[in-house]
$ cat upload.cif   # mmCIF, C-alpha atoms
data_model
#
loop_
_atom_site.label_atom_id
_atom_site.label_comp_id
_atom_site.auth_asym_id
_atom_site.auth_seq_id
_atom_site.Cartn_x
_atom_site.Cartn_y
_atom_site.Cartn_z
CA MET A 227 -4.99 -15.26 -10.41
CA ALA A 228 -8.26 -13.36 -10.72
CA THR A 229 -8.88 -11.15 -13.73
CA ASP A 230 -10.49 -7.78 -14.17
CA ALA A 231 -12.37 -8.74 -17.36
CA GLY A 232 -15.27 -6.48 -16.37
CA ALA A 233 -13.11 -3.34 -16.28
CA ALA A 234 -14.21 -0.47 -18.50
CA PRO A 235 -12.19 0.22 -21.68
CA GLY A 236 -9.17 2.41 -20.93
CA VAL A 237 -9.16 1.36 -17.26
CA GLN A 238 -6.23 -0.59 -15.79
CA VAL A 239 -6.37 -2.20 -12.35
CA CYS A 240 -3.88 -3.59 -9.84
CA SER A 241 -5.41 -5.06 -6.69
CA LEU A 242 -3.23 -6.46 -3.88
CA LYS A 243 -4.13 -8.28 -0.68
CA VAL A 244 -2.11 -9.67 2.21
CA ASP A 245 -3.47 -11.62 5.17
CA THR A 246 -0.09 -12.66 6.55
CA PRO A 247 0.35 -10.46 9.65
CA GLN A 248 3.18 -7.92 9.49
CA LEU A 249 4.86 -6.75 12.69
CA ILE A 250 5.12 -2.95 12.60
CA ALA A 251 7.63 -1.29 14.93
CA PRO A 252 6.42 1.82 16.78
CA GLY A 253 7.54 5.32 15.96
CA THR A 254 7.12 8.20 13.59
CA THR A 255 8.82 6.46 10.65
CA TYR A 256 6.22 5.03 8.28
CA LYS A 257 6.66 1.43 7.10
CA ILE A 258 5.74 0.20 3.61
CA VAL A 259 3.05 -2.48 3.69
CA ARG A 260 4.40 -5.52 1.80
CA PHE A 261 2.31 -7.69 -0.52
CA PRO A 262 2.93 -11.17 -1.94
CA PHE A 263 3.06 -11.73 -5.69
CA GLY A 264 0.53 -13.72 -7.70
CA THR A 265 -1.94 -14.67 -4.97
CA ALA A 266 -5.49 -15.77 -5.74
CA GLU A 267 -6.89 -12.64 -4.08
CA SER A 268 -4.74 -10.28 -6.16
CA THR A 269 -5.26 -8.96 -9.68
CA ASP A 270 -2.35 -7.74 -11.77
CA ARG A 271 -3.25 -8.23 -15.41
CA PHE A 272 -1.34 -5.06 -16.36
CA GLU A 273 1.88 -6.14 -14.56
CA MET A 274 2.10 -3.30 -12.07
CA HIS A 275 3.21 -5.55 -9.17
CA GLN A 276 5.83 -8.02 -10.38
CA THR A 277 8.91 -9.63 -8.82
CA ALA A 278 10.95 -8.33 -11.79
CA GLN A 279 10.43 -4.60 -11.46
CA PRO A 280 10.58 -2.01 -14.28
CA ASP A 281 13.99 -0.70 -13.16
CA GLY A 282 15.53 -4.20 -13.36
CA TYR A 283 15.45 -5.01 -9.63
CA VAL A 284 14.14 -8.49 -8.71
CA VAL A 285 12.33 -9.09 -5.42
CA ASN A 286 13.37 -12.46 -3.97
CA ASP A 287 11.36 -12.45 -0.72
CA TRP A 288 8.17 -10.39 -0.58
CA ALA A 289 7.99 -10.63 3.23
CA THR A 290 11.36 -8.92 3.81
CA ASP A 291 11.75 -6.58 0.82
CA ASP A 292 10.00 -3.19 0.88
CA ARG A 293 9.86 -3.27 -2.93
CA SER A 294 7.10 -5.88 -2.63
CA GLY A 295 4.87 -3.02 -1.47
CA LEU A 296 5.28 -1.04 -4.69
CA ILE A 297 2.74 -0.64 -7.45
CA TRP A 298 4.37 0.65 -10.65
CA PRO A 299 1.66 2.39 -12.74
CA SER A 300 1.43 0.88 -16.22
CA LYS A 301 0.40 4.13 -17.87
CA ALA A 302 -0.08 7.81 -17.12
CA GLY A 303 -3.53 8.89 -16.06
CA TRP A 304 -5.89 9.70 -13.24
CA GLY A 305 -5.44 7.11 -10.53
CA HIS A 306 -7.81 6.09 -7.77
CA LEU A 307 -6.04 4.56 -4.78
CA TYR A 308 -7.90 2.33 -2.36
CA ALA A 309 -6.72 0.69 0.85
CA LEU A 310 -8.13 -1.55 3.56
CA ILE A 311 -6.12 -1.63 6.79
CA GLN A 312 -6.75 -3.84 9.84
CA TRP A 313 -4.70 -3.71 13.04
CA GLU A 314 -4.59 -6.02 16.03
CA ALA A 315 -6.36 -4.68 19.14
CA ALA A 316 -4.39 -2.16 21.22
CA GLY A 317 -4.36 -4.43 24.25
CA GLY A 318 -3.83 -3.35 27.84
CA THR A 319 -1.89 -0.51 29.40
CA GLY A 320 0.57 1.21 27.10
CA GLY A 321 -1.28 0.37 23.88
CA TYR A 322 -1.35 2.72 20.93
CA THR A 323 -3.36 5.94 21.02
CA GLU A 324 -2.80 6.77 17.35
CA LEU A 325 -2.67 4.79 14.10
CA ARG A 326 -1.29 6.43 10.97
CA ASP A 327 -1.50 5.63 7.27
CA GLN A 328 -0.70 7.32 3.98
CA TYR A 329 -0.11 6.82 0.27
CA VAL A 330 3.26 7.83 -1.13
CA ARG A 331 4.82 8.29 -4.56
CA ASP A 332 8.38 6.92 -4.83
CA PRO A 333 8.79 5.95 -1.15
CA LEU A 334 12.26 4.43 -1.71
CA ALA A 335 13.72 7.40 -3.66
CA LEU A 336 14.12 5.35 -6.84
CA THR A 337 13.56 8.35 -9.14
CA PRO A 338 15.05 11.86 -9.19
CA HIS A 339 11.84 13.16 -7.58
CA PRO A 340 11.49 13.27 -3.78
CA ALA A 341 8.94 11.08 -2.02
CA ASP A 342 5.51 12.69 -2.18
CA THR A 343 2.95 11.72 0.45
CA THR A 344 -0.79 12.18 0.18
CA ALA A 345 -3.96 11.22 2.03
CA THR A 346 -2.11 10.98 5.36
CA GLU A 347 -4.48 10.16 8.21
CA HIS A 348 -3.90 9.92 11.97
CA ARG A 349 -6.62 7.94 13.72
CA THR A 350 -7.44 7.27 17.34
CA PRO A 351 -8.40 3.67 18.13
CA THR A 352 -12.00 2.75 18.76
CA PRO A 353 -13.33 0.14 21.17
CA GLY A 354 -13.11 -3.21 19.40
CA GLY A 355 -11.38 -3.79 16.07
CA GLN A 356 -9.31 -1.24 14.18
CA TYR A 357 -10.58 -1.53 10.58
CA PHE A 358 -10.13 1.30 8.10
CA VAL A 359 -10.87 1.90 4.42
CA LYS A 360 -9.49 4.87 2.53
CA ASN A 361 -9.47 6.15 -1.04
CA HIS A 362 -7.84 9.04 -2.82
CA GLY A 363 -7.37 10.28 -6.38
CA ILE A 364 -4.01 11.35 -7.85
CA PHE A 365 -2.26 11.58 -11.20
CA VAL A 366 0.08 8.64 -11.76
CA ALA A 367 2.88 7.94 -14.23
CA PRO A 368 5.00 4.94 -15.25
CA GLY A 369 8.39 4.96 -13.56
CA THR A 370 7.06 6.48 -10.33
CA PRO A 371 6.02 3.68 -7.96
CA LEU A 372 3.32 4.02 -5.30
CA ALA A 373 3.04 2.46 -1.85
CA LEU A 374 0.80 2.28 1.20
CA ARG A 375 2.60 3.09 4.47
CA VAL A 376 1.57 2.71 8.12
CA THR A 377 2.84 3.34 11.63
CA HIS A 378 1.56 3.68 15.22
CA ASN A 379 2.64 5.17 18.53
CA ASP A 380 2.51 2.12 20.82
CA ALA A 381 5.55 1.38 22.98
CA ASN A 382 5.64 -2.13 21.45
CA PRO A 383 5.49 -3.50 17.90
CA ARG A 384 1.94 -4.24 16.70
CA LEU A 385 0.53 -6.51 14.03
CA LEU A 386 -1.04 -5.25 10.86
CA THR A 387 -3.34 -8.24 10.37
CA LEU A 388 -4.85 -7.58 6.94
CA ALA A 389 -4.24 -5.06 4.17
CA GLU A 390 -5.38 -4.36 0.64
CA PHE A 391 -3.89 -1.82 -1.76
CA LYS A 392 -5.49 -1.05 -5.12
CA LEU A 393 -4.82 1.27 -8.03
CA VAL A 394 -7.32 1.97 -10.81
CA ILE A 395 -5.95 4.10 -13.67
CA HIS A 396 -8.25 5.98 -16.03
CA ASP A 397 -6.95 7.49 -19.25
CA ALA A 398 -5.84 11.09 -18.82
CA ALA A 399 -7.96 13.30 -21.03
#
$ encode --input "upload.cif" --output "structure tokens"
Amino acid sequence: MATDAGAAPGVQVCSLKVDTPQLIAPGTTYKIVRFPFGTAESTDRFEMHQTAQPDGYVVNDWATDDRSGLIWPSKAGWGHLYALIQWEAAGGTGGYTELRDQYVRDPLALTPHPADTTATEHRTPTPGGQYFVKNHGIFVAPGTPLALRVTHNDANPRLLTLAEFKLVIHDAA
């Protein structure tokens, strides 16, 4: 596992990457992007993305459990969220005309607070590859997990071919 030894004092980082394609069904319901645990491309020195989650739940299969897409902030503070999203090409007739992505606090309603979405974007495909990078700042707190969600409007399921999801927490001042 990589480390974030160069991080500034008071900064905590969780960086996730998945290159196993995920089949995303079409529709208006957003799907949580799932991430494996402990891969060489990921950094989780502050234990924000673990199979044994802070509420006692244990993820047994990252590829089928939406909880594998959660980052649980390790401390309260100002958080910077980053994502990289790559989709398969739209293909022939009937392909998607819109790709959607967003960050969300507590997407599985695990706390008394309702899900809170932010940085929602709807994008039209471009000729060639569909590669997007996004970032957004929000206040974060332990006990309120975060996720990256996606969807599309194709008539058929489409592959999300690569994704990264990162949280950098700075001390709240």
$ residues_around --input "upload.cif" --residues "stretch 340-342 of chain A" --least-positions-apart "6" --cutoff "7 Å" --atoms "all atoms listed in the file" --output "MDAnalysis selection string"
chainID A and resid 330:333
$ closest_atom_pairs --input "upload.cif" --of "stretch 228-301 of chain A" --to "stretch 371-385 of chain A" --cutoff "6 Å" --atoms "all atoms listed in the file" --output "CSV"
residue,atom,partner,partner_atom,distance
A:Pro247,CA,A:Leu385,CA,5.9
A:Gln248,CA,A:Leu385,CA,5.4
A:Leu249,CA,A:Leu385,CA,4.5
A:Ile250,CA,A:Pro383,CA,5.3
A:Ala251,CA,A:Pro383,CA,4.3
A:Pro252,CA,A:Asn379,CA,5.3
A:Gly253,CA,A:Asn379,CA,5.5
A:Tyr256,CA,A:Thr377,CA,5.1
A:Lys257,CA,A:Arg375,CA,5.1
A:Ile258,CA,A:Arg375,CA,4.4
A:Val259,CA,A:Arg375,CA,5.6
A:Gly295,CA,A:Ala373,CA,5.8
A:Leu296,CA,A:Ala373,CA,5.0
A:Ile297,CA,A:Leu372,CA,5.2
A:Trp298,CA,A:Pro371,CA,4.4
$ write_last_selection --input "upload.cif" --atoms "C-alpha atoms" --output "CSV table (one decimal), keeping the file's coordinate frame"
chain,number,residue,atom,x,y,z
A,247,PRO,CA,0.4,-10.5,9.6
A,248,GLN,CA,3.2,-7.9,9.5
A,249,LEU,CA,4.9,-6.8,12.7
A,250,ILE,CA,5.1,-3.0,12.6
A,251,ALA,CA,7.6,-1.3,14.9
A,252,PRO,CA,6.4,1.8,16.8
A,253,GLY,CA,7.5,5.3,16.0
A,256,TYR,CA,6.2,5.0,8.3
A,257,LYS,CA,6.7,1.4,7.1
A,258,ILE,CA,5.7,0.2,3.6
A,259,VAL,CA,3.0,-2.5,3.7
A,295,GLY,CA,4.9,-3.0,-1.5
A,296,LEU,CA,5.3,-1.0,-4.7
A,297,ILE,CA,2.7,-0.6,-7.4
A,298,TRP,CA,4.4,0.6,-10.6
$ residues_around --input "upload.cif" --residues "A:Phe261" --least-positions-apart "4" --cutoff "7 Å" --atoms "only C-alpha atoms" --output "PDB file with C-alpha atoms, in the coordinates of the input"
ATOM      1  CA  LEU A 242      -3.230  -6.460  -3.880  1.00  0.00           C
ATOM      2  CA  LYS A 243      -4.130  -8.280  -0.680  1.00  0.00           C
ATOM      3  CA  VAL A 244      -2.110  -9.670   2.210  1.00  0.00           C
ATOM      4  CA  TRP A 288       8.170 -10.390  -0.580  1.00  0.00           C
ATOM      5  CA  SER A 294       7.100  -5.880  -2.630  1.00  0.00           C
ATOM      6  CA  GLY A 295       4.870  -3.020  -1.470  1.00  0.00           C
TER       7      GLY A 295
END
$ resolve_selection --input "upload.cif" --expression "the PyMOL selection byres ((chain A and resi 273-280) around 12)" --output "PyMOL selection string"
chain A and resi 229+238-243+260-265+268-272+281-288+291-301+336-337+367-373+391-395
$ atom_distance --input "upload.cif" --atom1 "atom CA of A:Gln328" --atom2 "atom CA of A:Thr387"
17.0 Å
$ residues_around --input "upload.cif" --residues "A:Ile364" --least-positions-apart "5" --cutoff "8 Å" --atoms "all atoms listed in the file" --output "NGL selection string"
:A and (304-307)
$ atom_distance --input "upload.cif" --atom1 "atom CA of A:Gln312" --atom2 "atom CA of A:Glu267"
16.5 Å
$ residues_near_point --input "upload.cif" --point "(-8.8, 3.0, 1.9)" --cutoff "9 Å" --atoms "only C-alpha atoms" --output "list in words"
Leu307, Tyr308, Ala309, Leu310, Ile311, Phe358, Val359, Lys360, Asn361, His362, Glu390, Phe391 and Lys392 of chain A
$ residues_around --input "upload.cif" --residues "A:Asp397" --least-positions-apart "6" --cutoff "7 Å" --atoms "only C-alpha atoms" --output "number ranges by chain"
A: 236-237, 303-304
$ closest_residue --input "upload.cif" --among "A:Thr346, A:Pro351, A:Ala302, A:His396" --to "A:Ala316" --atoms "only C-alpha atoms"
A:Pro351
$ atom_distance --input "upload.cif" --atom1 "atom CA of A:Trp313" --atom2 "atom CA of A:Gln356"
5.4 Å
$ closest_residue --input "upload.cif" --among "A:Leu325, A:Ala389, A:Ala289, A:Ala315" --to "A:Glu347" --atoms "all atoms listed in the file"
A:Leu325
